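Engineer: So here's query22.cif, just mmCIF, C-alpha atoms:
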data_query
loop_
_atom_site.label_atom_id
_atom_site.label_comp_id
_atom_site.auth_asym_id
_atom_site.auth_seq_id
_atom_site.Cartn_x
_atom_site.Cartn_y
_atom_site.Cartn_z
CA MET R 1 99.08 128.23 -45.33
CA ARG R 2 96.53 128.03 -48.16
CA LEU R 3 96.16 124.48 -49.48
CA LEU R 4 94.29 123.19 -52.52
CA LEU R 5 93.53 119.51 -51.88
CA VAL R 6 92.49 117.65 -55.04
CA SER R 7 90.88 114.22 -55.05
CA THR R 8 88.04 112.19 -56.44
CA ASP R 9 84.51 113.02 -55.30
CA LEU R 10 84.37 112.40 -51.54
CA ARG R 11 81.02 110.63 -51.95
CA HIS R 12 82.84 107.72 -53.60
CA MET R 13 84.04 104.73 -51.60
CA GLY R 14 87.61 103.56 -51.13
CA GLY R 15 90.91 104.11 -49.39
CA VAL R 16 91.84 107.34 -51.19
CA VAL R 17 88.58 109.02 -50.20
CA GLU R 18 88.93 107.91 -46.58
CA THR R 19 92.53 109.18 -46.50
CA VAL R 20 91.56 112.59 -47.90
CA LYS R 21 88.70 112.89 -45.38
CA LEU R 22 91.17 112.21 -42.56
CA PHE R 23 93.58 114.82 -43.95
CA ILE R 24 90.80 117.40 -43.96
CA ARG R 25 89.92 116.55 -40.37
CA GLU R 26 93.52 116.57 -39.12
CA PHE R 27 94.35 119.84 -40.91
CA GLU R 28 91.39 121.72 -39.41
CA GLY R 29 92.54 124.86 -37.60
CA ARG R 30 96.10 124.47 -38.91
CA VAL R 31 95.75 124.87 -42.67
CA ASP R 32 93.30 126.84 -44.82
CA VAL R 33 92.04 123.90 -46.92
CA THR R 34 90.10 124.19 -50.16
CA HIS R 35 88.99 120.77 -51.38
CA ALA R 36 88.19 120.32 -55.06
CA ALA R 37 86.80 117.18 -56.67
CA PHE R 38 88.28 116.12 -60.00
CA GLY R 39 86.81 113.60 -62.41
CA ARG R 40 83.74 111.41 -62.21
CA ARG R 41 81.16 112.42 -59.66
CA PHE R 42 79.17 110.02 -57.50
CA ASN R 43 76.81 107.85 -59.60
CA GLN R 44 78.06 109.43 -62.84
CA LYS R 45 78.53 106.95 -65.70
CA GLY R 46 79.37 106.66 -69.39
CA MET R 47 80.46 109.63 -71.48
CA MET R 48 79.50 112.02 -68.70
CA ARG R 49 82.71 110.97 -66.95
CA ILE R 50 84.80 112.38 -69.80
CA PHE R 51 82.78 115.59 -70.08
CA ARG R 52 83.01 116.04 -66.31
CA THR R 53 86.80 115.83 -66.40
CA LEU R 54 87.04 118.35 -69.24
CA ALA R 55 84.67 120.71 -67.44
CA ASP R 56 86.74 120.36 -64.28
CA LEU R 57 89.90 121.51 -66.08
CA PHE R 58 88.16 124.79 -66.95
CA CYS R 59 86.85 125.07 -63.37
CA PHE R 60 90.34 124.68 -61.97
CA ALA R 61 91.66 127.34 -64.34
CA ARG R 62 88.97 129.75 -63.11
CA LEU R 63 89.73 128.87 -59.48
CA LEU R 64 93.47 129.45 -59.91
CA GLY R 65 92.77 132.74 -61.64
CA SER R 66 90.75 134.01 -58.69
CA LYS R 67 92.67 132.60 -55.71
CA ARG R 68 96.32 131.93 -54.94
CA PHE R 69 97.43 128.83 -53.02
CA ASP R 70 100.70 128.06 -51.27
CA VAL R 71 100.60 124.31 -51.95
CA ILE R 72 98.57 122.00 -54.17
CA HIS R 73 98.14 118.38 -53.07
CA MET R 74 97.14 115.87 -55.77
CA ASN R 75 96.08 112.25 -55.11
CA PRO R 76 96.50 110.16 -58.30
CA SER R 77 97.03 106.43 -58.71
CA MET R 78 99.55 104.75 -60.98
CA ASN R 79 97.10 103.49 -63.59
CA LEU R 80 96.16 104.55 -67.11
CA VAL R 81 92.96 106.50 -66.43
CA SER R 82 94.30 108.34 -63.41
CA VAL R 83 97.63 109.23 -65.03
CA LEU R 84 96.00 110.62 -68.17
CA LYS R 85 93.59 112.94 -66.38
CA GLU R 86 95.94 113.94 -63.56
CA ALA R 87 98.70 114.77 -66.07
CA ALA R 88 96.32 117.16 -67.82
CA LEU R 89 95.49 118.80 -64.50
CA PHE R 90 99.16 119.10 -63.56
CA PHE R 91 99.82 121.04 -66.77
CA VAL R 92 97.06 123.47 -65.76
CA PHE R 93 98.83 123.96 -62.42
CA PHE R 94 102.15 124.35 -64.22
CA LEU R 95 100.74 127.05 -66.51
CA PHE R 96 99.54 129.00 -63.48
CA GLY R 97 103.03 129.02 -61.95
CA TYR R 98 102.84 126.18 -59.42
CA SER R 99 105.98 124.34 -60.54
CA GLY R 100 107.71 123.13 -57.37
CA LYS R 101 104.61 123.78 -55.23
CA VAL R 102 102.68 120.58 -55.97
CA LEU R 103 102.77 117.49 -53.77
CA ILE R 104 101.80 114.38 -55.75
CA PHE R 105 100.66 111.59 -53.41
CA ILE R 106 100.60 108.40 -55.53
CA HIS R 107 98.15 105.94 -53.95
CA GLY R 108 97.51 102.82 -56.04
CA TRP R 109 100.31 101.27 -58.10
CA ASP R 110 99.72 99.10 -61.17
CA ASP R 111 103.13 97.56 -61.76
CA VAL R 112 102.34 96.31 -65.28
CA PHE R 113 101.12 99.76 -66.33
CA PHE R 114 104.14 101.48 -64.77
CA LYS R 115 106.57 99.26 -66.67
CA ARG R 116 104.79 100.17 -69.93
CA LEU R 117 104.84 103.84 -69.02
CA ALA R 118 108.52 103.79 -68.08
CA SER R 119 109.57 101.83 -71.18
CA GLY R 120 107.98 104.17 -73.71
CA ARG R 121 110.25 106.94 -74.96
CA ILE R 122 107.62 109.69 -75.00
CA SER R 123 105.57 108.49 -72.02
CA ALA R 124 108.67 108.09 -69.84
CA ALA R 125 109.88 111.58 -70.77
CA LEU R 126 106.48 113.09 -69.89
CA MET R 127 106.42 111.22 -66.58
CA ARG R 128 109.90 112.47 -65.67
CA MET R 129 109.01 116.03 -66.65
CA ILE R 130 105.86 116.07 -64.51
CA LEU R 131 107.35 114.42 -61.43
CA ASN R 132 110.59 116.39 -61.56
CA HIS R 133 108.62 119.64 -61.78
CA ALA R 134 106.51 118.70 -58.76
CA GLY R 135 107.65 119.85 -55.36
CA LEU R 136 107.48 116.39 -53.80
CA VAL R 137 106.24 112.94 -54.76
CA THR R 138 105.07 110.52 -52.07
CA VAL R 139 104.71 106.79 -52.67
CA LEU R 140 103.48 103.93 -50.50
CA ALA R 141 106.49 101.60 -50.78
CA ALA R 142 110.26 101.80 -50.92
CA ASP R 143 110.17 99.59 -54.04
CA PHE R 144 108.00 102.18 -55.81
CA LYS R 145 110.56 104.87 -54.99
CA LYS R 146 113.33 102.71 -56.46
CA GLU R 147 111.31 102.20 -59.66
CA LEU R 148 110.80 105.95 -60.07
CA ILE R 149 114.49 106.68 -59.49
CA ARG R 150 115.46 104.04 -62.05
CA SER R 151 113.15 105.82 -64.47
CA GLY R 152 114.97 109.13 -64.04
CA VAL R 153 112.92 110.85 -61.34
CA ASP R 154 114.96 112.90 -58.87
CA GLY R 155 115.22 110.75 -55.73
CA SER R 156 115.48 113.81 -53.47
CA LYS R 157 111.89 114.65 -54.42
CA ILE R 158 110.47 111.23 -53.43
CA GLU R 159 109.29 110.29 -49.94
CA VAL R 160 107.84 106.98 -48.74
CA VAL R 161 104.76 107.31 -46.54
CA SER R 162 102.01 104.96 -45.40
CA THR R 163 98.29 105.38 -45.63
CA MET R 164 96.63 105.90 -42.28
CA VAL R 165 93.84 104.81 -39.97
CA ASP R 166 91.58 106.53 -37.50
CA MET R 167 92.74 104.84 -34.30
CA GLU R 168 89.98 106.52 -32.30
CA LYS R 169 87.26 104.69 -34.23
CA ILE R 170 88.74 101.22 -34.67
CA PRO R 171 87.70 98.80 -31.90
CA ALA R 172 89.99 96.14 -30.48
CA SER R 173 89.36 92.62 -31.75
CA SER R 174 87.69 90.54 -29.07
CA CYS R 175 88.56 87.14 -30.55
CA CYS R 176 92.29 86.49 -30.46
CA GLY R 177 92.19 85.49 -26.81
CA GLY R 178 89.79 82.67 -27.75
CA ASP R 179 90.42 79.86 -30.22
CA GLY R 180 91.47 82.08 -33.14
CA LYS R 181 89.15 80.33 -35.58
CA SER R 182 87.52 83.44 -37.03
CA LEU R 183 89.14 84.54 -40.32
CA LEU R 184 88.67 87.75 -42.31
CA PHE R 185 89.52 88.79 -45.87
CA LEU R 186 88.73 92.46 -46.49
CA SER R 187 89.74 93.67 -49.95
CA ARG R 188 88.87 93.59 -53.65
CA MET R 189 87.73 90.27 -55.10
CA ILE R 190 90.30 89.95 -57.87
CA VAL R 191 92.64 87.15 -58.90
CA GLY R 192 95.75 89.08 -57.81
CA LYS R 193 94.56 89.14 -54.20
CA GLY R 194 94.85 85.34 -53.83
CA VAL R 195 91.10 84.91 -53.33
CA TYR R 196 90.86 81.45 -54.91
CA GLU R 197 93.89 80.17 -53.01
CA LEU R 198 92.28 81.50 -49.83
CA LEU R 199 89.04 79.65 -50.50
CA ASP R 200 90.95 76.41 -51.19
CA ALA R 201 92.95 76.96 -47.99
CA PHE R 202 89.71 77.23 -46.04
CA VAL R 203 88.70 73.79 -47.37
CA LEU R 204 91.98 72.35 -46.07
CA LEU R 205 91.61 74.08 -42.71
CA SER R 206 87.96 73.07 -42.28
CA ALA R 207 88.95 69.42 -42.61
CA LYS R 208 91.34 69.86 -39.69
CA TYR R 209 89.65 72.36 -37.37
CA SER R 210 85.99 72.37 -36.37
CA GLY R 211 84.13 75.62 -35.78
CA LEU R 212 86.18 77.58 -38.31
CA LYS R 213 84.52 80.55 -40.04
CA LEU R 214 85.61 82.87 -42.85
CA VAL R 215 84.27 86.28 -43.83
CA MET R 216 85.28 87.37 -47.36
CA ALA R 217 84.25 91.03 -47.49
CA GLY R 218 84.63 93.18 -50.58
CA ASP R 219 83.38 93.56 -54.12
CA GLY R 220 85.05 92.98 -57.45
CA PRO R 221 84.85 90.99 -60.68
CA GLU R 222 85.48 87.61 -59.02
CA LEU R 223 82.78 87.88 -56.36
CA ASP R 224 80.06 85.89 -58.15
CA ALA R 225 82.53 83.22 -59.28
CA LEU R 226 83.81 82.83 -55.73
CA LYS R 227 80.29 82.42 -54.40
CA LYS R 228 79.61 79.71 -56.99
CA ARG R 229 82.88 77.97 -56.18
CA ALA R 230 82.09 78.00 -52.45
CA ALA R 231 78.65 76.56 -53.15
CA GLY R 232 80.07 73.90 -55.46
CA LEU R 233 82.59 72.83 -52.84
CA GLU R 234 79.80 72.80 -50.23
CA ILE R 235 81.90 75.00 -47.96
CA LYS R 236 80.13 75.87 -44.74
CA ASN R 237 80.75 78.88 -42.52
CA VAL R 238 81.99 81.23 -45.27
CA SER R 239 80.12 84.47 -45.95
CA PHE R 240 80.36 87.12 -48.68
CA PRO R 241 78.86 90.37 -47.34
CA GLY R 242 80.15 92.44 -50.27
CA TYR R 243 81.70 95.89 -49.86
CA ILE R 244 81.35 97.05 -46.27
CA GLN R 245 82.12 100.33 -44.57
CA GLY R 246 81.30 102.29 -41.44
CA GLU R 247 79.81 100.29 -38.57
CA ASP R 248 79.70 97.10 -40.63
CA LYS R 249 83.45 97.23 -41.20
CA LEU R 250 84.16 98.01 -37.55
CA LYS R 251 82.01 95.05 -36.54
CA VAL R 252 83.94 92.51 -38.65
CA LEU R 253 87.24 93.88 -37.35
CA GLN R 254 86.03 93.42 -33.80
CA GLU R 255 84.49 89.98 -34.32
CA ASN R 256 87.38 88.25 -36.12
CA CYS R 257 90.91 87.29 -35.13
CA ILE R 258 93.02 86.37 -38.17
CA TYR R 259 93.23 88.77 -41.12
CA LEU R 260 94.24 87.29 -44.48
CA LEU R 261 95.70 89.11 -47.50
CA PRO R 262 97.54 86.63 -49.76
CA THR R 263 98.07 89.23 -52.48
CA SER R 264 100.66 89.17 -55.25
CA ARG R 265 100.73 92.96 -55.75
CA GLU R 266 99.79 95.78 -53.44
CA GLY R 267 100.38 99.37 -52.45
CA CYS R 268 99.83 100.13 -48.77
CA PRO R 269 96.49 98.42 -48.03
CA VAL R 270 94.26 100.38 -45.67
CA SER R 271 92.47 97.17 -44.68
CA LEU R 272 95.74 95.69 -43.38
CA LEU R 273 96.46 98.81 -41.33
CA GLU R 274 92.91 98.63 -39.94
CA ALA R 275 93.36 94.96 -39.04
CA MET R 276 96.63 95.73 -37.28
CA ALA R 277 95.04 98.68 -35.49
CA ALA R 278 92.23 96.40 -34.32
CA GLY R 279 94.74 93.94 -32.87
CA MET R 280 94.23 91.13 -35.36
CA ALA R 281 96.90 88.57 -36.25
CA SER R 282 97.59 89.02 -39.96
CA VAL R 283 98.75 86.50 -42.56
CA VAL R 284 100.17 88.41 -45.55
CA THR R 285 102.72 88.41 -48.35
CA ASP R 286 105.54 90.95 -48.67
CA ALA R 287 104.11 92.40 -51.90
CA GLY R 288 104.54 96.12 -52.63
CA GLY R 289 104.24 98.35 -49.60
CA ILE R 290 103.35 95.51 -47.21
CA LYS R 291 107.03 94.81 -46.53
CA ASP R 292 107.36 98.42 -45.32
CA ILE R 293 104.57 98.19 -42.73
CA VAL R 294 104.88 94.74 -41.13
CA GLN R 295 107.57 93.07 -39.10
CA PRO R 296 107.60 89.34 -39.95
CA ALA R 297 106.80 87.03 -37.00
CA ARG R 298 106.30 90.07 -34.76
CA THR R 299 103.37 92.04 -36.20
CA ALA R 300 102.29 89.56 -38.89
CA VAL R 301 102.95 86.08 -40.26
CA LEU R 302 104.56 86.25 -43.70
CA LEU R 303 103.68 83.80 -46.46
CA ASN R 304 106.58 82.42 -48.47
CA GLU R 305 104.26 81.81 -51.44
CA VAL R 306 100.65 82.36 -52.48
CA SER R 307 99.18 78.86 -52.33
CA ALA R 308 96.36 77.12 -50.48
CA GLU R 309 98.89 74.98 -48.63
CA ALA R 310 101.01 77.93 -47.48
CA ILE R 311 97.95 79.87 -46.30
CA ALA R 312 96.56 76.85 -44.44
CA GLU R 313 99.92 76.24 -42.78
CA ALA R 314 100.23 79.85 -41.58
CA VAL R 315 96.66 79.95 -40.22
CA GLY R 316 97.14 76.57 -38.53
CA LEU R 317 100.28 77.90 -36.86
CA LEU R 318 98.31 80.76 -35.33
CA ILE R 319 95.38 78.58 -34.27
CA GLU R 320 97.60 76.02 -32.56
CA ASN R 321 99.89 78.56 -30.85
CA PRO R 322 97.80 81.00 -28.79
CA ASP R 323 100.87 82.73 -27.34
CA LEU R 324 102.13 83.48 -30.85
CA ARG R 325 98.67 84.56 -32.02
CA ILE R 326 98.05 86.89 -29.09
CA GLY R 327 101.60 88.26 -29.23
CA VAL R 328 101.38 89.08 -32.95
CA ALA R 329 97.97 90.70 -32.46
CA GLU R 330 99.09 92.86 -29.53
CA ASN R 331 102.32 93.88 -31.26
CA ALA R 332 100.38 94.82 -34.39
CA ARG R 333 97.96 97.07 -32.50
CA GLU R 334 100.81 98.81 -30.67
CA TYR R 335 102.82 99.26 -33.87
CA ALA R 336 99.81 100.66 -35.76
CA ALA R 337 99.15 103.19 -33.00
CA GLU R 338 102.79 104.32 -33.13
CA HIS R 339 103.16 104.56 -36.90
CA PHE R 340 99.85 104.69 -38.79
CA SER R 341 97.51 106.91 -36.81
CA SER R 342 95.94 109.71 -38.84
CA GLY R 343 97.53 112.35 -36.61
CA GLN R 344 101.06 111.07 -37.18
CA VAL R 345 100.76 110.61 -40.94
CA ALA R 346 99.10 114.02 -41.32
CA GLU R 347 101.98 115.56 -39.36
CA ARG R 348 104.45 114.16 -41.88
CA ILE R 349 102.43 115.58 -44.76
CA LEU R 350 102.38 118.99 -43.07
CA GLU R 351 106.17 118.80 -42.80
CA PHE R 352 106.33 118.14 -46.54
CA TYR R 353 104.16 121.20 -47.20
CA SER R 354 106.55 123.28 -45.09
CA ARG R 355 109.46 122.11 -47.25
CA LEU R 356 107.64 123.47 -50.31
CA VAL R 357 106.82 126.82 -48.70
CA PRO R 358 109.42 127.61 -46.02
CA GLY R 359 108.21 130.02 -43.40
CA LYS R 360 104.52 129.20 -43.78
#
Starting from the coordinates I provided, produce the structure as structure tokens.
Structural biologist:
Amino acid sequence: MRLLLVSTDLRHMGGVVETVKLFIREFEGRVDVTHAAFGRRFNQKGMMRIFRTLADLFCFARLLGSKRFDVIHMNPSMNLVSVLKEAALFFVFFLFGYSGKVLIFIHGWDDVFFKRLASGRISAALMRMILNHAGLVTVLAADFKKELIRSGVDGSKIEVVSTMVDMEKIPASSCCGGDGKSLLFLSRMIVGKGVYELLDAFVLLSAKYSGLKLVMAGDGPELDALKKRAAGLEIKNVSFPGYIQGEDKLKVLQENCIYLLPTSREGCPVSLLEAMAAGMASVVTDAGGIKDIVQPARTAVLLNEVSAEAIAEAVGLLIENPDLRIGVAENAREYAAEHFSSGQVAERILEFYSRLVPGK
């Protein structure tokens, strides 16, 4: 099988890049993979981003004119910039006769943008035309599938999948058998992730439990404001290491016990899967795709609201009940190994390819 795998430049950081790298690794020896970057290259800024995308469209046309593929796998997100450029690329594929042979793996999901897209007469019609002419569309949450179906996309073309983790690399957390007082937030520093509520919850918890520590890892527009707020509140034992990856990320997974993601909107967060794979006890909401990957009270503690009080209560429950904390952590690691390993998710994607090209 000859596969054209399209994504952003693999030198970028983020969950999509890591997922594509794992696909390439898992497909080795089984699929003839050609990877092609689309859009902004590493360290490219300003107007060069637009020119790069336009140049790429011509490059793809030349590639398709010289080589035939069995399947094309695209990796867009449901946001304005991604949809605009990926739609243009899909039309190139359509013109070269790949209708029904394209798998569109939708990663991020901006719910506000999607509602605008789906409510516009022309934009909704274009979305339906593109997705209904694809071979398959994969999304990260059952709710996203329902939204697409309500918008007129053929439900038989939509599959729900999770992102994935490299179980071989992720170490087991060494802390949940102790006092459980090491907390980790690992995501973007934006208001929708509950970052301010989390910081306020840490104030409440610190007044009740001594020796508590919090690592808030990630970058984003709220990072500086959060640092100033922590300093103003004179919060001790909270650190902001910024965006971390590689060995630094593995270290914080190993050295912390309770993972926190009090988000109000989400796709299928890689950081949560990594925390589960590491055997951490997670405190999360049921936003977006999270409800599809956790089992409340078994593999994670579910928040009933995003507030400092609710977060503090959930963390306190885990600190004061070691049997619950250790049980949730162990169940999470076992569940992640069974459902989210790169080998298993890649196998599902290969099955989808086979549906598009029977006999390959």
Engineer: Evaluate the PyMOL selection byres ((chain R and resi 330-347) around 9) here and jot the selected residues down as a PyMOL selection string.
Structural biologist: chain R and resi 19+22-23+26-27+161-168+172+273-282+293-295+298-300+325-329+348-352
Engineer: Work out how far apart atom CA of R:Pro221 and atom CA of R:Leu184 are and give it in Å to one decimal.
Structural biologist: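 Going from atom CA of R:Pro221 over to atom CA of R:Leu184 covers 19.0 Å.
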Engineer: Care to translate the PyMOL selection byres ((chain R and resi 157) around 7) into actual residues of this file, as a ChimeraX atom specification?
Structural biologist: /R:135-137,154-156,158-159
Engineer: Given all atoms listed in the file as the basis, pick out the residue of R:Glu234, R:Gly218, R:Asp200, R:His12 nearest to R:Phe185.
Structural biologist: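 Of all the options, R:Gly218 lies closest to R:Phe185.
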Engineer: Can you work out the spacing between atom CA of R:Met216 and atom CA of R:Phe240 in Å, to one decimal?
Structural biologist: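 One can read the atom CA of R:Met216 to atom CA of R:Phe240 distance as 5.1 Å.
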Engineer: Which residues fall under the PyMOL selection byres ((chain R and resi 187-198) around 9) in this file, as a ChimeraX atom specification?
Structural biologist: /R:185-186,199-203,216-223,226,229,243,260-266,269,271,306-309,311-312
Engineer: Take the residues from that selection and write them out as a PDB file, keeping the file's coordinate frame, keeping C-alpha atoms.
Structural biologist:
ATOM      1  CA  PHE R 185      89.520  88.790 -45.870  1.00  0.00           C
ATOM      2  CA  LEU R 186      88.730  92.460 -46.490  1.00  0.00           C
ATOM      3  CA  LEU R 199      89.040  79.650 -50.500  1.00  0.00           C
ATOM      4  CA  ASP R 200      90.950  76.410 -51.190  1.00  0.00           C
ATOM      5  CA  ALA R 201      92.950  76.960 -47.990  1.00  0.00           C
ATOM      6  CA  PHE R 202      89.710  77.230 -46.040  1.00  0.00           C
ATOM      7  CA  VAL R 203      88.700  73.790 -47.370  1.00  0.00           C
ATOM      8  CA  MET R 216      85.280  87.370 -47.360  1.00  0.00           C
ATOM      9  CA  ALA R 217      84.250  91.030 -47.490  1.00  0.00           C
ATOM     10  CA  GLY R 218      84.630  93.180 -50.580  1.00  0.00           C
ATOM     11  CA  ASP R 219      83.380  93.560 -54.120  1.00  0.00           C
ATOM     12  CA  GLY R 220      85.050  92.980 -57.450  1.00  0.00           C
ATOM     13  CA  PRO R 221      84.850  90.990 -60.680  1.00  0.00           C
ATOM     14  CA  GLU R 222      85.480  87.610 -59.020  1.00  0.00           C
ATOM     15  CA  LEU R 223      82.780  87.880 -56.360  1.00  0.00           C
ATOM     16  CA  LEU R 226      83.810  82.830 -55.730  1.00  0.00           C
ATOM     17  CA  ARG R 229      82.880  77.970 -56.180  1.00  0.00           C
ATOM     18  CA  TYR R 243      81.700  95.890 -49.860  1.00  0.00           C
ATOM     19  CA  LEU R 260      94.240  87.290 -44.480  1.00  0.00           C
ATOM     20  CA  LEU R 261      95.700  89.110 -47.500  1.00  0.00           C
ATOM     21  CA  PRO R 262      97.540  86.630 -49.760  1.00  0.00           C
ATOM     22  CA  THR R 263      98.070  89.230 -52.480  1.00  0.00           C
ATOM     23  CA  SER R 264     100.660  89.170 -55.250  1.00  0.00           C
ATOM     24  CA  ARG R 265     100.730  92.960 -55.750  1.00  0.00           C
ATOM     25  CA  GLU R 266      99.790  95.780 -53.440  1.00  0.00           C
ATOM     26  CA  PRO R 269      96.490  98.420 -48.030  1.00  0.00           C
ATOM     27  CA  SER R 271      92.470  97.170 -44.680  1.00  0.00           C
ATOM     28  CA  VAL R 306     100.650  82.360 -52.480  1.00  0.00           C
ATOM     29  CA  SER R 307      99.180  78.860 -52.330  1.00  0.00           C
ATOM     30  CA  ALA R 308      96.360  77.120 -50.480  1.00  0.00           C
ATOM     31  CA  GLU R 309      98.890  74.980 -48.630  1.00  0.00           C
ATOM     32  CA  ILE R 311      97.950  79.870 -46.300  1.00  0.00           C
ATOM     33  CA  ALA R 312      96.560  76.850 -44.440  1.00  0.00           C
TER      34      ALA R 312
END
Engineer: Just want the 12 Å neighbourhood of R:Ile50, counted on only C-alpha atoms, with same-chain residues fewer than 2 positions away dropped. Output as a list in words.
Structural biologist: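 Counting only the stated atoms, we get Phe38, Gly39, Arg40, Arg41, Gln44, Lys45, Gly46, Met47, Met48, Arg52, Thr53, Leu54, Ala55, Asp56, Leu57, Val81, Leu84 and Lys85 of chain R.
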Engineer: Hey, what's within 10 Å of R:Tyr353 if we count all atoms listed in the file and toss same-chain stuff fewer than 6 positions away? As number ranges by chain, please?
Structural biologist: R: 1, 3, 70-73, 101-103, 135-136, 347, 360
Engineer: How would the residues just picked look written out with C-alpha atoms as a JSON list (two decimals), in the coordinates of the input?
Structural biologist:
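Okay, this is what ended up in part-v4.json:
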[["chain", "number", "residue", "atom", "x", "y", "z"],
["R", 1, "MET", "CA", 99.08, 128.23, -45.33],
["R", 3, "LEU", "CA", 96.16, 124.48, -49.48],
["R", 70, "ASP", "CA", 100.70, 128.06, -51.27],
["R", 71, "VAL", "CA", 100.60, 124.31, -51.95],
["R", 72, "ILE", "CA", 98.57, 122.00, -54.17],
["R", 73, "HIS", "CA", 98.14, 118.38, -53.07],
["R", 101, "LYS", "CA", 104.61, 123.78, -55.23],
["R", 102, "VAL", "CA", 102.68, 120.58, -55.97],
["R", 103, "LEU", "CA", 102.77, 117.49, -53.77],
["R", 135, "GLY", "CA", 107.65, 119.85, -55.36],
["R", 136, "LEU", "CA", 107.48, 116.39, -53.80],
["R", 347, "GLU", "CA", 101.98, 115.56, -39.36],
["R", 360, "LYS", "CA", 104.52, 129.20, -43.78]]
Engineer: List the neighbours of R:Ser174 out to 8 Å using all atoms listed in the file; skip same-chain residues closer than 4 positions along the sequence, and give me the result as a list in words.
Structural biologist: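 In the requested format, the answer is Gln254, Glu255, Asn256 and Cys257 of chain R.
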Engineer: What's the separation between atom CA of R:Leu212 and atom CA of R:Thr285, in Å to one decimal place?
Structural biologist: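 Interatomic distance, atom CA of R:Leu212 to atom CA of R:Thr285: 22.2 Å.
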Engineer: Nearest residue to R:Ile106 out of R:Met74, R:Leu272, R:Ala125, R:Leu356, using only C-alpha atoms?
Structural biologist: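 Among the listed residues, R:Met74 lies closest to R:Ile106.
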Engineer: Around the point (85.6, 112.4, -52.2) (coordinates from the file), which residues reach within 10 Å if we count all atoms listed in the file? Answer as a compact mmCIF listing (two decimals) with C-alpha atoms, in the coordinates of the input.
Structural biologist:
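See out.txt below for the written result:
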# COMPACT_ATOMS: atom_id res chain seq x y z
CA VAL R 6 92.49 117.65 -55.04
CA SER R 7 90.88 114.22 -55.05
CA THR R 8 88.04 112.19 -56.44
CA ASP R 9 84.51 113.02 -55.30
CA LEU R 10 84.37 112.40 -51.54
CA ARG R 11 81.02 110.63 -51.95
CA HIS R 12 82.84 107.72 -53.60
CA MET R 13 84.04 104.73 -51.60
CA GLY R 14 87.61 103.56 -51.13
CA VAL R 16 91.84 107.34 -51.19
CA VAL R 17 88.58 109.02 -50.20
CA GLU R 18 88.93 107.91 -46.58
CA THR R 19 92.53 109.18 -46.50
CA VAL R 20 91.56 112.59 -47.90
CA LYS R 21 88.70 112.89 -45.38
CA HIS R 35 88.99 120.77 -51.38
CA ALA R 36 88.19 120.32 -55.06
CA ALA R 37 86.80 117.18 -56.67
CA PHE R 38 88.28 116.12 -60.00
CA ARG R 41 81.16 112.42 -59.66
CA PHE R 42 79.17 110.02 -57.50
